[in-house]
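> Encoded as structure tokens, here's the structure I'll be asking about.
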Amino acid sequence: MSRQVQGYFYLALAMLTVGSTVIASKIIASELPPFTATALRFAVALPVFFLLMRVIGTRLPKLSSHDRLILVIQAGAGSVGYTTLLISGLSLTSAADAGVLIGTLPVVSAAVSILLLRERPGRALLLAVALASAGVFSIAFKPEATGGSLAGNLLIFLAVISEGLFILLNKRLAADIPPLAQSTLMTGIGFVVSIVPAIFEAPLAHGFSASAAAAVVYYALVPTVGGFLLWYAGAERVSGTEAALFTALAPVSAVMLAFVILGEPVGFNQIAGIACVLAAVSGLAFAGNHRKFIEGK
């Protein structure tokens with residue numbers, strides 16, 4: 001197996017884990033409050049990241065007060081905000097709808113850069129935004145037909161925007177932080193940020209099932225830690241454009257897993273949404289405007 005084919009394999013597996021976060025979050029949402037689930041996810045993942053840093057020999061860098069502030073805001077938006085909004089949204093809407101919406105992340109990230117950094121968009125980017133918007137609208141209308149919810153879909157889309165802010169803020173860091181060190185910092189800060197609201201949720205008042213606990217552990221170890229390792233193992237073997245194209249697999253895997261594991265119906269709206277999102281992400285990647293996807297947050 002060539003190095004390039006190995007990269008494709010790792011990237012495909014990484015995106016499969018990303019899609020599976022929607023399924024895990026759907027299971028978690030039925031029994032655990034969002035901040036509690038988020039804090040537990042980080043509590044499980046953090047020791048593993050520390051162990052990886054020790055094995056690989058990565059050290060936490062010395063950071064300026066500016067970078068420390070950026071990291072705290074990043075953790076609040078991209079780590080805690082994304083996870084809690086995703087879980088909250090999935091308590092109201094279907095995993096299939098959520099899968100379509102998370103696929104818009106690359107386009108949303110580019111759009112956030114345009115709005116906040118006043119970057120001048122090219123035609124390819126504008127077309128990608130239009131296609132992604134069409135994908136969102138395809139599930140926004142009459143979502144109840146497939147178990148969706150307009151309010152739930154809105155929460156999922158806010159989660160995507162939070163992740164877009166994470167990517168944008170990463171460009172504001174002055175220090176060059178190794179990916180493993182940054183993922184460890186995001187996990188640690190995310191735990192600190194989420195633990196206080198988690199306490200007020202009184203998570204043990206009603207208890208939760210073994211399936212919810214297993215879903216939290218899965219989310220922490222497979223997509224968070226495993227997805228990080230797979231993504232960077234694949235990304236170092238292929239070009240940036242090739243890696244960017246693989247992010248289009250995340251919504252596809254989410255919708256397929258929702259059908260296979262959760263037994264959710266997949267209707268024309270979701271299929272049309274997936275088609276629009278795939279076209280948007282592919283066009284954006286080929287145009288060279290794709291923001292690099294960051295795993296392990």
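Order determines the names: the first chain of the structure tokens is A, the second B, and so forth; residues in each chain are numbered 1 upward, and ligands are numbered 1 upward as they are shown.
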Identify, on the basis of only C-alpha atoms, every residue whose closest approach to stretch 29-34 of chain A does not exceed 8 Å; exclude the query and any residue fewer than 4 positions from it along the same chain; express the result as number ranges by chain.
A: 25, 38, 83-85, 87-88, 90-91, 198, 201, 203, 208-209, 212
> For the selection you just gave me, I'd like the residues written to a file as a PDB file, in the first residue's frame, keeping N, CA and C atoms.

```
ATOM      1  N   SER A  25     -23.733  11.575  20.218  1.00  0.00           N
ATOM      2  CA  SER A  25     -24.402  12.712  20.856  1.00  0.00           C
ATOM      3  C   SER A  25     -25.902  12.505  20.951  1.00  0.00           C
ATOM      4  N   THR A  38     -20.340  16.951  28.300  1.00  0.00           N
ATOM      5  CA  THR A  38     -19.125  17.591  27.786  1.00  0.00           C
ATOM      6  C   THR A  38     -17.973  17.471  28.777  1.00  0.00           C
ATOM      7  N   THR A  83     -19.875  21.128  21.498  1.00  0.00           N
ATOM      8  CA  THR A  83     -20.391  19.874  22.043  1.00  0.00           C
ATOM      9  C   THR A  83     -21.740  20.063  22.724  1.00  0.00           C
ATOM     10  N   THR A  84     -21.858  21.118  23.545  1.00  0.00           N
ATOM     11  CA  THR A  84     -23.122  21.321  24.261  1.00  0.00           C
ATOM     12  C   THR A  84     -24.259  21.677  23.309  1.00  0.00           C
ATOM     13  N   LEU A  85     -23.975  22.483  22.306  1.00  0.00           N
ATOM     14  CA  LEU A  85     -25.014  22.829  21.335  1.00  0.00           C
ATOM     15  C   LEU A  85     -25.404  21.620  20.490  1.00  0.00           C
ATOM     16  N   ILE A  87     -25.271  18.423  21.406  1.00  0.00           N
ATOM     17  CA  ILE A  87     -26.077  17.524  22.239  1.00  0.00           C
ATOM     18  C   ILE A  87     -27.461  18.118  22.478  1.00  0.00           C
ATOM     19  N   SER A  88     -27.519  19.413  22.758  1.00  0.00           N
ATOM     20  CA  SER A  88     -28.816  20.060  22.985  1.00  0.00           C
ATOM     21  C   SER A  88     -29.684  19.985  21.739  1.00  0.00           C
ATOM     22  N   LEU A  90     -29.524  17.764  19.340  1.00  0.00           N
ATOM     23  CA  LEU A  90     -29.914  16.389  19.050  1.00  0.00           C
ATOM     24  C   LEU A  90     -30.971  15.854  20.007  1.00  0.00           C
ATOM     25  N   SER A  91     -31.220  16.574  21.089  1.00  0.00           N
ATOM     26  CA  SER A  91     -32.344  16.197  21.946  1.00  0.00           C
ATOM     27  C   SER A  91     -33.666  16.601  21.308  1.00  0.00           C
ATOM     28  N   ALA A 198     -21.810  22.134  34.689  1.00  0.00           N
ATOM     29  CA  ALA A 198     -22.196  20.732  34.825  1.00  0.00           C
ATOM     30  C   ALA A 198     -22.660  20.428  36.245  1.00  0.00           C
ATOM     31  N   GLU A 201     -26.168  21.383  36.800  1.00  0.00           N
ATOM     32  CA  GLU A 201     -27.144  20.528  36.119  1.00  0.00           C
ATOM     33  C   GLU A 201     -27.575  19.346  36.980  1.00  0.00           C
ATOM     34  N   PRO A 203     -26.240  16.304  37.591  1.00  0.00           N
ATOM     35  CA  PRO A 203     -26.298  15.167  36.665  1.00  0.00           C
ATOM     36  C   PRO A 203     -26.682  13.842  37.298  1.00  0.00           C
ATOM     37  N   PHE A 208     -28.222   7.816  34.853  1.00  0.00           N
ATOM     38  CA  PHE A 208     -28.189   7.614  33.407  1.00  0.00           C
ATOM     39  C   PHE A 208     -27.774   6.183  33.123  1.00  0.00           C
ATOM     40  N   SER A 209     -28.080   5.722  31.931  1.00  0.00           N
ATOM     41  CA  SER A 209     -27.882   4.316  31.583  1.00  0.00           C
ATOM     42  C   SER A 209     -26.443   4.024  31.174  1.00  0.00           C
ATOM     43  N   ALA A 212     -25.590   5.491  27.670  1.00  0.00           N
ATOM     44  CA  ALA A 212     -25.188   6.895  27.655  1.00  0.00           C
ATOM     45  C   ALA A 212     -23.740   7.042  28.119  1.00  0.00           C
TER      46      ALA A 212
END
```
> Leaving out A:Val193 and any residue of its chain fewer than 3 positions from it, which residues lie within 9 Å of it when counting only C-alpha atoms, given as a list in words?
Ala39, Val72, Ala75, Gly76, Val80, Gly188, Ile189, Gly190, Val196 and Pro197 of chain A
> Return the single residue from A:Phe246, A:Val22, A:Phe35, A:Ala45 that is closest to A:Val222, with distances computed using only C-alpha atoms.
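Nearest to A:Val222: A:Ala45.
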> Just give me the gap between atom CA of A:Ala96 and atom CA of A:Val255 in Å, one decimal is fine.
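Separation of atom CA of A:Ala96 and atom CA of A:Val255: 4.6 Å.
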> Near A:Thr184, counting only C-alpha atoms, which residues have an atom at most 7 Å away, once you skip same-chain residues fewer than 2 positions from it, shown as a list in words?
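Result of the neighbour search: Leu46, Phe49, Phe50, Leu180, Ala181, Gln182, Met186, Thr187 and Gly188 of chain A.
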> Which residues come within 12 Å of stretch 6-18 of chain A, counting only C-alpha atoms, excluding same-chain residues fewer than 5 positions away, as a ChimeraX atom specification?
/A:1,23-25,99,102-103,105,218-240,242-257,293-297
> Choose the residue, out of A:Ile28, A:Val136, A:Val281, A:Val192, that has the smallest atom-to-atom separation from A:Leu150; count only C-alpha atoms.
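Of A:Ile28, A:Val136, A:Val281, A:Val192, the one nearest A:Leu150 is A:Val136, counting only C-alpha atoms.
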> Using DSSP on the backbone coordinates, identify the residues of stretch 63-182 of chain A assigned to helix (DSSP H, G or I); present them as a VMD selection string.
chain A and resid 65 to 90 95 to 102 105 to 117 123 to 140 143 to 146 150 to 170 179 to 182
> So, counting only C-alpha atoms, which residue among A:Ala280, A:Val5, A:Val160, A:Ala202 is closest to A:Ser79?
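That would be A:Val160, the residue with the smallest distance to A:Ser79.
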> Just the residues within 7 Å of stretch 171-175 of chain A, please, counting only C-alpha atoms, with nothing from its chain fewer than 5 positions along; format it as a PDB file with all heavy atoms, in the first residue's frame.

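Generated output (out18.pdb):
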```pdb
ATOM      1  N   LEU A  63       3.243  30.442  26.638  1.00  0.00           N
ATOM      2  CA  LEU A  63       2.356  31.288  25.854  1.00  0.00           C
ATOM      3  C   LEU A  63       2.229  32.684  26.447  1.00  0.00           C
ATOM      4  O   LEU A  63       2.317  32.863  27.668  1.00  0.00           O
ATOM      5  CB  LEU A  63       0.955  30.647  25.768  1.00  0.00           C
ATOM      6  CG  LEU A  63       0.886  29.249  25.169  1.00  0.00           C
ATOM      7  CD1 LEU A  63      -0.500  28.667  25.357  1.00  0.00           C
ATOM      8  CD2 LEU A  63       1.263  29.285  23.692  1.00  0.00           C
ATOM      9  N   ASP A  67      -2.207  34.877  23.761  1.00  0.00           N
ATOM     10  CA  ASP A  67      -2.496  33.531  23.277  1.00  0.00           C
ATOM     11  C   ASP A  67      -3.302  32.736  24.297  1.00  0.00           C
ATOM     12  O   ASP A  67      -4.165  31.932  23.919  1.00  0.00           O
ATOM     13  CB  ASP A  67      -1.198  32.799  22.948  1.00  0.00           C
ATOM     14  CG  ASP A  67      -0.640  33.206  21.592  1.00  0.00           C
ATOM     15  OD1 ASP A  67      -1.325  33.958  20.880  1.00  0.00           O
ATOM     16  OD2 ASP A  67       0.480  32.776  21.249  1.00  0.00           O
ATOM     17  N   ILE A  70      -6.849  33.756  23.855  1.00  0.00           N
ATOM     18  CA  ILE A  70      -7.398  33.179  22.630  1.00  0.00           C
ATOM     19  C   ILE A  70      -7.759  31.713  22.847  1.00  0.00           C
ATOM     20  O   ILE A  70      -8.825  31.244  22.422  1.00  0.00           O
ATOM     21  CB  ILE A  70      -6.396  33.305  21.466  1.00  0.00           C
ATOM     22  CG1 ILE A  70      -6.213  34.773  21.064  1.00  0.00           C
ATOM     23  CG2 ILE A  70      -6.858  32.484  20.266  1.00  0.00           C
ATOM     24  CD1 ILE A  70      -7.445  35.403  20.462  1.00  0.00           C
TER      25      ILE A  70
END
```
> Enter the distance from atom CA of A:Ala279 to atom CA of A:Leu126, in Å, rounded to one decimal.
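Interatomic distance, atom CA of A:Ala279 to atom CA of A:Leu126: 12.6 Å.
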> If I take atom CA of A:Ala130 and atom CA of A:Leu115, how far is one from the other in Å, to one decimal?
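Going from atom CA of A:Ala130 over to atom CA of A:Leu115, I get 15.3 Å.
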